[in-house]
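See below for data-v1.pdb, which holds PDB, C-alpha atoms, pLDDT in the B column.
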ATOM      1  CA  MET A 252     -65.601  -1.146   8.618  1.00 61.00           C
ATOM      2  CA  ILE A 253     -64.801  -4.135   6.369  1.00 67.00           C
ATOM      3  CA  LEU A 254     -62.006  -2.667   4.244  1.00 66.00           C
ATOM      4  CA  PRO A 255     -59.269  -2.732   6.949  1.00 67.00           C
ATOM      5  CA  VAL A 256     -59.731  -6.476   7.449  1.00 68.00           C
ATOM      6  CA  VAL A 257     -59.941  -7.108   3.688  1.00 71.00           C
ATOM      7  CA  PHE A 258     -56.839  -5.024   3.001  1.00 67.00           C
ATOM      8  CA  ASP A 259     -54.892  -6.767   5.749  1.00 70.00           C
ATOM      9  CA  ARG A 260     -55.865 -10.125   4.265  1.00 72.00           C
ATOM     10  CA  PHE A 261     -54.883  -9.007   0.763  1.00 72.00           C
ATOM     11  CA  GLN A 262     -51.586  -7.709   2.153  1.00 71.00           C
ATOM     12  CA  CYS A 263     -50.808 -11.063   3.764  1.00 75.00           C
ATOM     13  CA  LEU A 264     -51.657 -12.997   0.584  1.00 77.00           C
ATOM     14  CA  PHE A 265     -50.325 -10.718  -2.156  1.00 75.00           C
ATOM     15  CA  GLY A 266     -48.042  -8.197  -0.438  1.00 77.00           C
ATOM     16  CA  THR A 267     -48.569  -4.455  -0.146  1.00 69.00           C
ATOM     17  CA  GLN A 268     -48.175  -3.801  -3.873  1.00 74.00           C
ATOM     18  CA  GLY A 269     -50.605  -6.575  -4.776  1.00 76.00           C
ATOM     19  CA  ALA A 270     -53.138  -5.320  -2.222  1.00 71.00           C
ATOM     20  CA  PHE A 271     -53.028  -1.801  -3.666  1.00 71.00           C
ATOM     21  CA  LEU A 272     -53.358  -3.203  -7.184  1.00 76.00           C
ATOM     22  CA  LEU A 273     -56.490  -5.131  -6.177  1.00 74.00           C
ATOM     23  CA  PHE A 274     -57.990  -2.111  -4.432  1.00 70.00           C
ATOM     24  CA  GLY A 275     -57.216   0.005  -7.489  1.00 73.00           C
ATOM     25  CA  GLY A 276     -59.134  -2.485  -9.622  1.00 75.00           C
ATOM     26  CA  LEU A 277     -62.076  -2.397  -7.217  1.00 74.00           C
ATOM     27  CA  ASN A 278     -62.147   1.406  -7.206  1.00 71.00           C
ATOM     28  CA  PHE A 279     -62.070   1.420 -11.015  1.00 74.00           C
ATOM     29  CA  ASN A 280     -65.648   0.143 -10.872  1.00 74.00           C
ATOM     30  CA  ILE A 281     -66.657   3.583  -9.580  1.00 71.00           C
ATOM     31  CA  LEU A 282     -65.875   4.959 -13.045  1.00 71.00           C
ATOM     32  CA  VAL A 283     -68.176   2.407 -14.660  1.00 71.00           C
ATOM     33  CA  ALA A 284     -70.923   3.180 -12.137  1.00 70.00           C
ATOM     34  CA  GLY A 285     -70.588   6.914 -12.816  1.00 66.00           C
ATOM     35  CA  VAL A 286     -70.897   6.432 -16.563  1.00 66.00           C
ATOM     36  CA  SER A 287     -73.940   4.203 -16.152  1.00 70.00           C
ATOM     37  CA  LEU A 288     -75.696   6.883 -14.053  1.00 66.00           C
ATOM     38  CA  ARG A 289     -75.534   9.527 -16.786  1.00 62.00           C
ATOM     39  CA  THR A 290     -78.898  10.726 -18.077  1.00 58.00           C
ATOM     40  CA  SER A 291     -80.102  12.882 -20.935  1.00 56.00           C
ATOM     41  CA  ALA A 292     -79.877  15.878 -18.594  1.00 53.00           C
ATOM     42  CA  ASP A 293     -76.122  15.331 -18.333  1.00 49.00           C
ATOM     43  CA  HIS A 294     -75.802  15.536 -22.120  1.00 50.00           C
ATOM     44  CA  GLN A 295     -77.790  18.768 -22.075  1.00 51.00           C
ATOM     45  CA  LEU A 296     -75.474  20.141 -19.384  1.00 49.00           C
ATOM     46  CA  LEU A 297     -72.438  19.327 -21.501  1.00 47.00           C
ATOM     47  CA  HIS A 298     -74.101  21.052 -24.460  1.00 50.00           C
ATOM     48  CA  ASN A 299     -74.698  24.141 -22.316  1.00 53.00           C
ATOM     49  CA  ASP A 300     -71.054  24.160 -21.225  1.00 50.00           C
ATOM     50  CA  ASP A 301     -69.952  24.100 -24.865  1.00 47.00           C
ATOM     51  CA  HIS A 302     -72.336  26.989 -25.551  1.00 46.00           C
ATOM     52  CA  HIS A 303     -70.801  28.987 -22.694  1.00 49.00           C
ATOM     53  CA  GLN A 304     -67.318  28.400 -24.084  1.00 48.00           C
ATOM     54  CA  GLU A 305     -68.410  29.682 -27.492  1.00 45.00           C
ATOM     55  CA  GLU A 306     -69.673  32.858 -25.819  1.00 45.00           C
ATOM     56  CA  GLY A 307     -66.318  33.477 -24.171  1.00 48.00           C
ATOM     57  CA  TRP A 308     -66.759  31.617 -20.869  1.00 53.00           C
ATOM     58  CA  SER A 309     -63.533  32.361 -18.957  1.00 63.00           C
ATOM     59  CA  ILE A 310     -61.818  31.336 -15.751  1.00 70.00           C
ATOM     60  CA  ARG A 311     -62.428  34.821 -14.377  1.00 73.00           C
ATOM     61  CA  LEU A 312     -66.199  34.516 -14.810  1.00 74.00           C
ATOM     62  CA  PHE A 313     -66.079  31.004 -13.412  1.00 71.00           C
ATOM     63  CA  LEU A 314     -64.298  32.123 -10.219  1.00 77.00           C
ATOM     64  CA  ARG A 315     -66.525  35.181  -9.921  1.00 80.00           C
ATOM     65  CA  TYR A 316     -69.620  32.962 -10.025  1.00 80.00           C
ATOM     66  CA  TYR A 317     -68.315  30.741  -7.220  1.00 81.00           C
ATOM     67  CA  TRP A 318     -67.256  33.772  -5.201  1.00 84.00           C
ATOM     68  CA  LEU A 319     -70.768  35.246  -5.442  1.00 84.00           C
ATOM     69  CA  VAL A 320     -72.213  31.979  -4.163  1.00 83.00           C
ATOM     70  CA  LEU A 321     -69.934  32.217  -1.125  1.00 84.00           C
ATOM     71  CA  VAL A 322     -70.899  35.853  -0.563  1.00 85.00           C
ATOM     72  CA  ARG A 323     -74.613  35.111  -0.786  1.00 86.00           C
ATOM     73  CA  ASN A 324     -74.288  32.164   1.595  1.00 84.00           C
ATOM     74  CA  PRO A 325     -71.808  33.159   4.357  1.00 85.00           C
ATOM     75  CA  ASP A 326     -72.498  29.996   6.378  1.00 84.00           C
ATOM     76  CA  ILE A 327     -70.591  28.056   3.715  1.00 86.00           C
ATOM     77  CA  TRP A 328     -67.364  29.581   5.073  1.00 87.00           C
ATOM     78  CA  PHE A 329     -68.009  27.895   8.417  1.00 85.00           C
ATOM     79  CA  LEU A 330     -68.915  24.586   6.765  1.00 85.00           C
ATOM     80  CA  CYS A 331     -65.801  24.686   4.591  1.00 86.00           C
ATOM     81  CA  SER A 332     -63.567  25.295   7.631  1.00 87.00           C
ATOM     82  CA  THR A 333     -65.100  22.501   9.684  1.00 85.00           C
ATOM     83  CA  SER A 334     -65.082  20.108   6.702  1.00 85.00           C
ATOM     84  CA  PHE A 335     -61.414  20.775   6.009  1.00 87.00           C
ATOM     85  CA  LEU A 336     -60.465  20.088   9.629  1.00 85.00           C
ATOM     86  CA  HIS A 337     -62.796  17.106   9.773  1.00 83.00           C
ATOM     87  CA  TYR A 338     -61.235  15.314   6.800  1.00 83.00           C
ATOM     88  CA  PHE A 339     -57.714  16.385   7.773  1.00 83.00           C
ATOM     89  CA  ASN A 340     -58.161  14.765  11.192  1.00 81.00           C
ATOM     90  CA  MET A 341     -60.042  11.755   9.878  1.00 81.00           C
ATOM     91  CA  ILE A 342     -57.368  10.690   7.374  1.00 78.00           C
ATOM     92  CA  GLY A 343     -54.697  11.061  10.059  1.00 74.00           C
ATOM     93  CA  TRP A 344     -56.783   9.028  12.483  1.00 77.00           C
ATOM     94  CA  ALA A 345     -57.287   6.300   9.871  1.00 76.00           C
ATOM     95  CA  LEU A 346     -53.581   6.182   8.931  1.00 73.00           C
ATOM     96  CA  PHE A 347     -52.309   6.061  12.502  1.00 77.00           C
ATOM     97  CA  LEU A 348     -54.893   3.698  13.957  1.00 79.00           C
ATOM     98  CA  VAL A 349     -53.253   0.369  13.081  1.00 77.00           C
ATOM     99  CA  SER A 350     -49.811   1.658  14.067  1.00 76.00           C
ATOM    100  CA  LEU A 351     -51.237   2.958  17.338  1.00 78.00           C
ATOM    101  CA  GLY A 352     -52.797  -0.428  18.065  1.00 81.00           C
ATOM    102  CA  GLU A 353     -49.458  -2.179  17.582  1.00 80.00           C
ATOM    103  CA  GLU A 354     -47.727   0.436  19.740  1.00 79.00           C
ATOM    104  CA  LEU A 355     -50.284  -0.198  22.493  1.00 81.00           C
ATOM    105  CA  GLY A 356     -49.134  -3.816  22.563  1.00 82.00           C
ATOM    106  CA  TYR A 357     -51.757  -5.526  20.402  1.00 84.00           C
ATOM    107  CA  SER A 358     -51.144  -8.052  17.659  1.00 83.00           C
ATOM    108  CA  ARG A 359     -51.455  -7.063  14.015  1.00 79.00           C
ATOM    109  CA  SER A 360     -54.880  -8.688  13.699  1.00 79.00           C
ATOM    110  CA  ARG A 361     -56.220  -6.905  16.765  1.00 82.00           C
ATOM    111  CA  ALA A 362     -54.775  -3.589  15.599  1.00 82.00           C
ATOM    112  CA  VAL A 363     -56.636  -4.032  12.295  1.00 81.00           C
ATOM    113  CA  LEU A 364     -59.768  -4.871  14.263  1.00 83.00           C
ATOM    114  CA  LEU A 365     -59.458  -1.486  15.965  1.00 83.00           C
ATOM    115  CA  SER A 366     -59.741   0.135  12.547  1.00 82.00           C
ATOM    116  CA  SER A 367     -62.869  -1.922  11.878  1.00 83.00           C
ATOM    117  CA  CYS A 368     -64.345  -0.689  15.177  1.00 86.00           C
ATOM    118  CA  GLY A 369     -63.743   2.861  13.977  1.00 85.00           C
ATOM    119  CA  GLY A 370     -65.537   2.107  10.714  1.00 85.00           C
ATOM    120  CA  PHE A 371     -68.489   0.610  12.577  1.00 89.00           C
ATOM    121  CA  GLY A 372     -68.605   3.705  14.772  1.00 89.00           C
ATOM    122  CA  ALA A 373     -68.700   5.908  11.658  1.00 88.00           C
ATOM    123  CA  LEU A 374     -71.675   3.891  10.423  1.00 90.00           C
ATOM    124  CA  LEU A 375     -73.467   4.408  13.750  1.00 92.00           C
ATOM    125  CA  GLY A 376     -72.717   8.128  13.567  1.00 91.00           C
ATOM    126  CA  ARG A 377     -74.298   8.382  10.119  1.00 90.00           C
ATOM    127  CA  VAL A 378     -77.397   6.501  11.286  1.00 92.00           C
ATOM    128  CA  TRP A 379     -77.653   8.814  14.306  1.00 91.00           C
ATOM    129  CA  THR A 380     -77.467  11.838  12.004  1.00 90.00           C
ATOM    130  CA  LEU A 381     -80.268  10.443   9.847  1.00 89.00           C
ATOM    131  CA  ILE A 382     -82.420   9.987  12.954  1.00 90.00           C
ATOM    132  CA  LEU A 383     -81.775  13.584  14.062  1.00 88.00           C
ATOM    133  CA  PHE A 384     -82.691  14.993  10.651  1.00 88.00           C
ATOM    134  CA  PHE A 385     -85.764  12.780  10.501  1.00 87.00           C
ATOM    135  CA  HIS A 386     -86.969  14.363  13.753  1.00 87.00           C
ATOM    136  CA  ASN A 387     -86.091  17.865  12.462  1.00 85.00           C
ATOM    137  CA  VAL A 388     -83.217  18.356  14.892  1.00 81.00           C
ATOM    138  CA  HIS A 389     -80.965  20.821  13.066  1.00 79.00           C
ATOM    139  CA  ASN A 390     -78.780  22.218  15.839  1.00 80.00           C
ATOM    140  CA  PRO A 391     -75.238  22.625  14.407  1.00 78.00           C
ATOM    141  CA  PHE A 392     -73.723  22.241  17.871  1.00 82.00           C
ATOM    142  CA  GLN A 393     -74.984  18.643  17.983  1.00 82.00           C
ATOM    143  CA  PHE A 394     -73.388  17.945  14.602  1.00 85.00           C
ATOM    144  CA  PHE A 395     -70.056  19.723  15.118  1.00 85.00           C
ATOM    145  CA  GLY A 396     -69.500  20.816  18.727  1.00 84.00           C
ATOM    146  CA  ILE A 397     -70.367  17.599  20.560  1.00 87.00           C
ATOM    147  CA  PRO A 398     -68.534  15.328  18.048  1.00 87.00           C
ATOM    148  CA  ALA A 399     -65.442  17.533  18.357  1.00 85.00           C
ATOM    149  CA  LEU A 400     -65.466  17.089  22.144  1.00 88.00           C
ATOM    150  CA  MET A 401     -65.927  13.332  21.665  1.00 87.00           C
ATOM    151  CA  GLN A 402     -62.932  13.226  19.325  1.00 84.00           C
ATOM    152  CA  CYS A 403     -60.693  15.100  21.757  1.00 86.00           C
ATOM    153  CA  ALA A 404     -61.702  12.879  24.677  1.00 88.00           C
ATOM    154  CA  SER A 405     -61.276   9.621  22.734  1.00 86.00           C
ATOM    155  CA  PHE A 406     -57.957  10.689  21.175  1.00 83.00           C
ATOM    156  CA  ILE A 407     -56.521  11.457  24.606  1.00 85.00           C
ATOM    157  CA  GLY A 408     -58.139   8.482  26.325  1.00 85.00           C
ATOM    158  CA  ILE A 409     -56.932   5.814  23.897  1.00 83.00           C
ATOM    159  CA  VAL A 410     -53.305   6.694  24.661  1.00 81.00           C
ATOM    160  CA  PHE A 411     -53.801   5.394  28.218  1.00 84.00           C
ATOM    161  CA  THR A 412     -55.365   2.064  27.236  1.00 82.00           C
ATOM    162  CA  ARG A 413     -52.195   0.002  26.761  1.00 81.00           C
ATOM    163  CA  ASN A 414     -52.942  -3.745  26.921  1.00 80.00           C
ATOM    164  CA  MET A 415     -56.649  -2.990  27.452  1.00 84.00           C
ATOM    165  CA  PHE A 416     -58.017  -3.916  24.053  1.00 84.00           C
ATOM    166  CA  TYR A 417     -61.727  -3.606  24.788  1.00 87.00           C
ATOM    167  CA  LEU A 418     -61.271  -0.140  26.251  1.00 87.00           C
ATOM    168  CA  SER A 419     -59.219   0.836  23.189  1.00 86.00           C
ATOM    169  CA  ALA A 420     -61.992  -0.509  20.969  1.00 87.00           C
ATOM    170  CA  ILE A 421     -64.576   1.595  22.828  1.00 89.00           C
ATOM    171  CA  MET A 422     -62.443   4.721  22.416  1.00 88.00           C
ATOM    172  CA  THR A 423     -62.049   3.971  18.710  1.00 88.00           C
ATOM    173  CA  LEU A 424     -65.790   3.388  18.389  1.00 90.00           C
ATOM    174  CA  VAL A 425     -66.478   6.776  19.988  1.00 90.00           C
ATOM    175  CA  SER A 426     -64.052   8.440  17.563  1.00 88.00           C
ATOM    176  CA  GLY A 427     -65.771   6.748  14.644  1.00 89.00           C
ATOM    177  CA  ILE A 428     -69.215   7.885  15.820  1.00 91.00           C
ATOM    178  CA  SER A 429     -68.021  11.474  16.036  1.00 90.00           C
ATOM    179  CA  PHE A 430     -66.440  11.383  12.572  1.00 88.00           C
ATOM    180  CA  GLY A 431     -69.514   9.727  11.057  1.00 88.00           C
ATOM    181  CA  THR A 432     -71.871  12.254  12.633  1.00 89.00           C
ATOM    182  CA  THR A 433     -69.966  15.296  11.398  1.00 88.00           C
ATOM    183  CA  GLY A 434     -69.342  13.884   7.930  1.00 86.00           C
ATOM    184  CA  ALA A 435     -72.981  12.944   7.344  1.00 86.00           C
ATOM    185  CA  ALA A 436     -74.362  16.177   8.800  1.00 87.00           C
ATOM    186  CA  THR A 437     -72.254  18.441   6.595  1.00 86.00           C
ATOM    187  CA  VAL A 438     -74.355  17.937   3.470  1.00 84.00           C
ATOM    188  CA  GLY A 439     -77.616  18.268   5.401  1.00 85.00           C
ATOM    189  CA  VAL A 440     -76.541  21.499   7.082  1.00 86.00           C
ATOM    190  CA  CYS A 441     -75.349  22.807   3.693  1.00 85.00           C
ATOM    191  CA  ALA A 442     -78.846  22.226   2.305  1.00 84.00           C
ATOM    192  CA  LEU A 443     -80.369  24.098   5.256  1.00 84.00           C
ATOM    193  CA  LYS A 444     -78.000  27.060   5.123  1.00 83.00           C
ATOM    194  CA  THR A 445     -77.971  27.751   1.357  1.00 85.00           C
ATOM    195  CA  SER A 446     -80.628  28.820  -1.092  1.00 83.00           C
ATOM    196  CA  ASN A 447     -82.064  26.266  -3.497  1.00 83.00           C
ATOM    197  CA  GLU A 448     -80.461  27.838  -6.558  1.00 84.00           C
ATOM    198  CA  ASP A 449     -77.006  27.900  -4.915  1.00 84.00           C
ATOM    199  CA  PHE A 450     -77.108  24.492  -3.256  1.00 87.00           C
ATOM    200  CA  THR A 451     -75.441  22.497  -6.056  1.00 84.00           C
ATOM    201  CA  THR A 452     -72.605  24.995  -6.416  1.00 85.00           C
ATOM    202  CA  ALA A 453     -72.150  25.292  -2.654  1.00 86.00           C
ATOM    203  CA  LEU A 454     -72.016  21.516  -2.365  1.00 85.00           C
ATOM    204  CA  THR A 455     -69.370  21.390  -5.099  1.00 85.00           C
ATOM    205  CA  ILE A 456     -67.241  23.895  -3.186  1.00 86.00           C
ATOM    206  CA  LEU A 457     -67.745  21.932   0.010  1.00 87.00           C
ATOM    207  CA  PHE A 458     -66.663  18.631  -1.540  1.00 86.00           C
ATOM    208  CA  MET A 459     -63.618  20.319  -3.057  1.00 86.00           C
ATOM    209  CA  ILE A 460     -62.573  21.602   0.377  1.00 87.00           C
ATOM    210  CA  CYS A 461     -63.127  18.109   1.802  1.00 84.00           C
ATOM    211  CA  ALA A 462     -60.814  16.702  -0.864  1.00 83.00           C
ATOM    212  CA  PHE A 463     -58.159  19.296   0.003  1.00 85.00           C
ATOM    213  CA  GLY A 464     -58.382  18.369   3.682  1.00 82.00           C
ATOM    214  CA  ASN A 465     -58.117  14.690   2.821  1.00 79.00           C
ATOM    215  CA  GLU A 466     -55.100  15.108   0.555  1.00 76.00           C
ATOM    216  CA  ILE A 467     -53.201  17.521   2.807  1.00 80.00           C
ATOM    217  CA  GLY A 468     -53.966  15.437   5.885  1.00 74.00           C
ATOM    218  CA  GLY A 469     -52.805  12.290   4.114  1.00 69.00           C
ATOM    219  CA  GLY A 470     -49.559  13.925   3.027  1.00 69.00           C
ATOM    220  CA  VAL A 471     -48.772  15.385   6.441  1.00 71.00           C
ATOM    221  CA  CYS A 472     -49.674  12.205   8.341  1.00 68.00           C
ATOM    222  CA  GLY A 473     -47.848  10.030   5.809  1.00 63.00           C
ATOM    223  CA  LYS A 474     -44.708  12.102   6.363  1.00 63.00           C
ATOM    224  CA  CYS A 475     -45.165  11.762  10.137  1.00 65.00           C
ATOM    225  CA  LEU A 476     -45.559   7.988   9.825  1.00 59.00           C
ATOM    226  CA  ASN A 477     -42.389   7.784   7.756  1.00 58.00           C
ATOM    227  CA  ASP A 478     -40.452   9.883  10.278  1.00 63.00           C
ATOM    228  CA  ILE A 479     -41.733   7.751  13.157  1.00 60.00           C
ATOM    229  CA  HIS A 480     -40.793   4.567  11.300  1.00 54.00           C
ATOM    230  CA  ILE A 481     -37.263   5.855  10.767  1.00 57.00           C
ATOM    231  CA  ALA A 482     -36.947   7.015  14.382  1.00 58.00           C
ATOM    232  CA  VAL A 483     -38.264   3.778  15.880  1.00 56.00           C
ATOM    233  CA  THR A 484     -36.710   1.164  13.594  1.00 55.00           C
ATOM    234  CA  LEU A 485     -33.818   2.473  11.544  1.00 51.00           C
ATOM    235  CA  LEU A 486     -32.094   4.912  13.908  1.00 51.00           C
ATOM    236  CA  PRO A 487     -31.702   2.463  16.840  1.00 52.00           C
ATOM    237  CA  VAL A 488     -30.257  -0.151  14.487  1.00 47.00           C
ATOM    238  CA  SER A 489     -27.857   2.389  13.021  1.00 50.00           C
ATOM    239  CA  SER A 490     -26.781   3.568  16.486  1.00 52.00           C
ATOM    240  CA  GLU A 491     -26.175   0.000  17.648  1.00 52.00           C
ATOM    241  CA  LYS A 492     -24.105  -0.681  14.543  1.00 52.00           C
ATOM    242  CA  ASN A 493     -21.991   2.437  15.140  1.00 55.00           C
ATOM    243  CA  ARG A 494     -21.333   1.438  18.766  1.00 58.00           C
ATOM    244  CA  LYS A 495     -20.143  -1.993  17.663  1.00 55.00           C
ATOM    245  CA  GLU A 496     -17.828  -0.463  15.108  1.00 57.00           C
ATOM    246  CA  GLU A 497     -16.357   1.893  17.722  1.00 57.00           C
ATOM    247  CA  LYS A 498     -15.622  -1.056  19.992  1.00 56.00           C
TER     248      LYS A 498
END

Please rewrite the model in this file as structure tokens.
Amino acid sequence: MILPVVFDRFQCLFGTQGAFLLFGGLNFNILVAGVSLRTSADHQLLHNDDHHQEEGWSIRLFLRYYWLVLVRNPDIWFLCSTSFLHYFNMIGWALFLVSLGEELGYSRSRAVLLSSCGGFGALLGRVWTLILFFHNVHNPFQFFGIPALMQCASFIGIVFTRNMFYLSAIMTLVSGISFGTTGAATVGVCALKTSNEDFTTALTILFMICAFGNEIGGGVCGKCLNDIHIAVTLLPVSSEKNRKEEK
């Protein structure tokens, strides 16, 4: 919600490279926070891992263990599929949002504000998920089916909101709510659909699939953005230059 505005401000003051350098420094604090959260149990876990390696712990046994967790908990297959698509779509939505705002005729600052509206919507979606779990509402359709319909409707609707900023903001807010709801509900549904002894491993698999969706979605959407940039800016200039040379 706040990061798009902060990044835009950093970009104006220090350029794109400087903004990424500052954000890299901020994210480096996550490493320090992770180290500070280690407990004596973590040291015992590392000791157990070393013990497994001494006994011949292999990649084959490692993969077999994770495969058995998936076999014992078949609902994880569904959660992995929805999580992959969720993060694939979300990273594309986040990458395209500012560009879409500018294409709809808004200024750079207003286009960035659209991204902030999406972040605020994601926050509302997470709060809504917490309320549903608090009242023991565990219907997967409310966490995945309804948000998917909201995403489709808002994605299509925002295309027709040229020069109607407030309507665009509402569509972006709806998209953010749907993404926040699905993202927050995934872990809760995983806890409900897996056994206690398999929950940690299932959650590890789930987060790994989320990371794959994020990375693949970022690569595909980044390539699309680059192609669009070339088609919109560079090709018309090149064509105009060629016509002048022919004359």

**OP:** Please provide as number ranges by chain all residues within 10 Å of Arg359 in chain A, with the sequence filter that same-chain residues fewer than 6 positions apart are discarded (counting all atoms listed in the file).
**Re:** A: 259, 349-350, 352-353, 365

Subject >> Residue nearest Val320 in chain A - candidates A:Asn278, A:Thr380, A:Ser446, A:Ser419, atoms counted: only C-alpha atoms >> reply: A:Ser446

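Across the model, the gap from CA of Val438 in chain A to CA of Phe450 in chain A is 9.8 Å.
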
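Comparing A:Leu355, A:Gln268, A:Trp379, A:Gly369 by their smallest distance to Ile409 in chain A, the closest is A:Leu355 (using all atoms listed in the file).
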
Write out as a JSON list (two decimals) with C-alpha atoms, keeping the file's coordinate frame each polymer residue whose atoms come within 12 Å of range 389-395 of chain A, counting all atoms listed in the file; drop sequence neighbours fewer than 4 positions from it.
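The resulting selection_12.json:
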[["chain", "number", "residue", "atom", "x", "y", "z"],
["A", 326, "ASP", "CA", -72.50, 30.00, 6.38],
["A", 329, "PHE", "CA", -68.01, 27.90, 8.42],
["A", 330, "LEU", "CA", -68.92, 24.59, 6.76],
["A", 332, "SER", "CA", -63.57, 25.30, 7.63],
["A", 333, "THR", "CA", -65.10, 22.50, 9.68],
["A", 334, "SER", "CA", -65.08, 20.11, 6.70],
["A", 336, "LEU", "CA", -60.46, 20.09, 9.63],
["A", 337, "HIS", "CA", -62.80, 17.11, 9.77],
["A", 376, "GLY", "CA", -72.72, 8.13, 13.57],
["A", 377, "ARG", "CA", -74.30, 8.38, 10.12],
["A", 379, "TRP", "CA", -77.65, 8.81, 14.31],
["A", 380, "THR", "CA", -77.47, 11.84, 12.00],
["A", 381, "LEU", "CA", -80.27, 10.44, 9.85],
["A", 382, "ILE", "CA", -82.42, 9.99, 12.95],
["A", 383, "LEU", "CA", -81.78, 13.58, 14.06],
["A", 384, "PHE", "CA", -82.69, 14.99, 10.65],
["A", 385, "PHE", "CA", -85.76, 12.78, 10.50],
["A", 399, "ALA", "CA", -65.44, 17.53, 18.36],
["A", 400, "LEU", "CA", -65.47, 17.09, 22.14],
["A", 401, "MET", "CA", -65.93, 13.33, 21.66],
["A", 402, "GLN", "CA", -62.93, 13.23, 19.32],
["A", 428, "ILE", "CA", -69.22, 7.88, 15.82],
["A", 429, "SER", "CA", -68.02, 11.47, 16.04],
["A", 430, "PHE", "CA", -66.44, 11.38, 12.57],
["A", 431, "GLY", "CA", -69.51, 9.73, 11.06],
["A", 432, "THR", "CA", -71.87, 12.25, 12.63],
["A", 433, "THR", "CA", -69.97, 15.30, 11.40],
["A", 434, "GLY", "CA", -69.34, 13.88, 7.93],
["A", 435, "ALA", "CA", -72.98, 12.94, 7.34],
["A", 436, "ALA", "CA", -74.36, 16.18, 8.80],
["A", 437, "THR", "CA", -72.25, 18.44, 6.60],
["A", 438, "VAL", "CA", -74.36, 17.94, 3.47],
["A", 439, "GLY", "CA", -77.62, 18.27, 5.40],
["A", 440, "VAL", "CA", -76.54, 21.50, 7.08],
["A", 441, "CYS", "CA", -75.35, 22.81, 3.69],
["A", 442, "ALA", "CA", -78.85, 22.23, 2.31],
["A", 443, "LEU", "CA", -80.37, 24.10, 5.26],
["A", 444, "LYS", "CA", -78.00, 27.06, 5.12]]

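Neighbours of range 338-346 of chain A closer than or equal to 7 Å, with all atoms listed in the file counted and sequence neighbours fewer than 2 positions away skipped, come out as Ser334, Phe335, Leu336, Leu348, Phe430, Cys461, Gly464, Asn465, Ile467, Gly468, Gly469 and Cys472 of chain A.
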